[in-house]
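Engineer: I'd like to ask you about the structure that follows.
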Amino acid sequence: SENFIKISMAHMQNLEILVREFLAYRGFLSTVKSFENECKNDRLKSFRVDKIVDSIQSAINSSELQELRDIWRNLDHFFFTKLEQNFSEAVKKLESGIFKIYLVVASNNSRADKIAEFFTKMASEIHSQNEWREWFYFQYCKNPEEHPSFAVYFTKSYHDTLFLSLHNFLATIFQSMP
C-alpha cells in the first residue's frame with residue numbers, strides 16, 4: 001500500500017484506464033466488472049478533494065455514522081498518520097468539528113436515535129478528550145441550538161468554514177504527496 005500512495009493524482013485516472021484496458025484485453029470481464037464496482041465505492045475518491053468532502057457531507061446529511069467513521073479512518077490510515085507530528089492537532093480539530101456537525105445535523109433532522117447511537121459507539125474514543133466533555137449533555141439538551149456551548153455549531157458560517165478548512169487541508173496534503 002505504500003507504493004500505491006506514491007502514485008500522483010494526475011496519473012491515477014490514466015492508470016485506472018490502463019488497468020481496465022489490460023483486464024479487458026486479457027478477457028477478464030468479471031474482473032473488469034469487479035474493478036469498476038470497486039472504483040465506484042472508492043472511499044478515497046481517487047484523491048479528489050471535492051469528492052471526498054462531498055462524501056463526508058453526504059454521510060453527515062444522511063446520518064450514516066459508520067460511513068463517516070470509515071471515510072475518516074481511511075483518510076487517517078493512508079494520509080494523516082504519515083504527516084509530521086505538528087499536523088496532528090489540526091487533524092484532531094477537523095475530526096472533532098466533523099463529528100460535532102454530524103450531531104448538529106442529526107439534531108436538526110430530529111434524529112435522536114442517531115445522536116444516541118453516536119454517543120454509544122463513540123463514547124470510548126471521545127470520553128477522555130476535553131473538547132467533548134460538554135457534548136455528552138447534547139443528547140439530553142432540549143434546544144441545543146440555544147445552548148451557549150453548542151449554538152455556534154448550528155451556524156451556517158461554522159459549517160462553511162469547517163468544510164472549507166477540510167477541503168484546503170486535504171488539497172494541501174494531496175498536492176505535497178510524492
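So you can find residues: chains in the C-alpha cells are A, B, ... in the order shown, residues in each start at 1, and ligands are numbered from 1 in order.
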Do a neighbour search on Val53 in chain A at 12 Å with only C-alpha atoms, toss out local chain neighbours closer than 4 positions, and write the hits as JSON, numbers by chain.

Structural biologist: {"A": [43, 44, 45, 47, 48, 49, 57, 58, 59, 60, 68, 71, 72, 75, 94, 98, 160, 162, 163, 164, 165, 166, 167, 168, 169, 170, 171]}

Engineer: When you draw a straight line from CA of Val32 in chain A to CA of Arg73 in chain A, how long is it in Å?

Structural biologist: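 These atoms are spaced 27.1 Å apart.
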
Engineer: Within chain A, find each residue whose DSSP state, derived from the backbone, is alpha helix (DSSP H), and express the selection as a PyMOL selection string.

Structural biologist: chain A and resi 2-5+9-25+29-40+49-61+65-78+88-108+112-126+156-175

Engineer: Quick one: of A:Ala112, A:Gly27, A:Asn86, A:Ser96, who's nearest to Asn130 in chain A, counting only C-alpha atoms?

Structural biologist: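 Among A:Ala112, A:Gly27, A:Asn86, A:Ser96, it is A:Ser96 that comes nearest to Asn130 in chain A.
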
Engineer: Which residues are close to Phe87 in chain A, i.e. within 12 Å by only C-alpha atoms, leaving aside same-chain residues fewer than 5 positions away? Reply as a compact mmCIF listing (two decimals) with N, CA and C atoms, in the first residue's frame.

Structural biologist:
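The result, written out as out-v4.txt:
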# COMPACT_ATOMS: atom_id res chain seq x y z
N ASP A 76 -7.26 8.80 7.72
CA ASP A 76 -6.28 8.74 8.79
C ASP A 76 -5.20 7.70 8.47
N PHE A 79 -3.22 8.81 5.06
CA PHE A 79 -2.61 10.13 4.95
C PHE A 79 -2.23 10.75 6.28
N PHE A 80 -3.19 10.89 7.19
CA PHE A 80 -2.93 11.65 8.40
C PHE A 80 -1.85 11.05 9.27
N THR A 81 -1.77 9.73 9.35
CA THR A 81 -0.74 9.09 10.17
C THR A 81 0.66 9.26 9.58
N LYS A 82 0.73 9.64 8.32
CA LYS A 82 2.02 9.82 7.66
C LYS A 82 2.50 11.27 7.69
N LYS A 92 -6.99 16.55 14.51
CA LYS A 92 -7.92 16.33 15.61
C LYS A 92 -9.04 17.37 15.62
N LYS A 93 -8.71 18.63 15.35
CA LYS A 93 -9.72 19.68 15.32
C LYS A 93 -10.71 19.46 14.18
N LEU A 94 -10.20 19.06 13.02
CA LEU A 94 -11.09 18.78 11.89
C LEU A 94 -12.00 17.60 12.21
N PHE A 169 -7.14 21.65 3.65
CA PHE A 169 -6.19 20.76 4.31
C PHE A 169 -5.90 19.53 3.43
N LEU A 170 -6.97 18.90 2.94
CA LEU A 170 -6.79 17.73 2.07
C LEU A 170 -6.08 18.09 0.78
N THR A 172 -3.94 20.44 0.29
CA THR A 172 -2.52 20.65 0.60
C THR A 172 -1.79 19.33 0.78
N ILE A 173 -2.41 18.39 1.47
CA ILE A 173 -1.80 17.09 1.68
C ILE A 173 -1.60 16.37 0.34

Engineer: Within 10 Å of Asn108 in chain A, counting only C-alpha atoms, which residues qualify if same-chain residues fewer than 3 places away don't, as a list in words?

Structural biologist: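 Selected residues are Tyr102, Leu103, Val104, Val105, Arg111, Ala112, Pro144, Glu145 and Phe154 of chain A.
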
Engineer: Just checking: using only C-alpha atoms, which residue out of A:Phe35, A:Asp70, A:His159, A:Ser124 ends up closest to Phe22 in chain A?

Structural biologist: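 The shortest atom-to-atom distance to Phe22 in chain A comes from A:Phe35.
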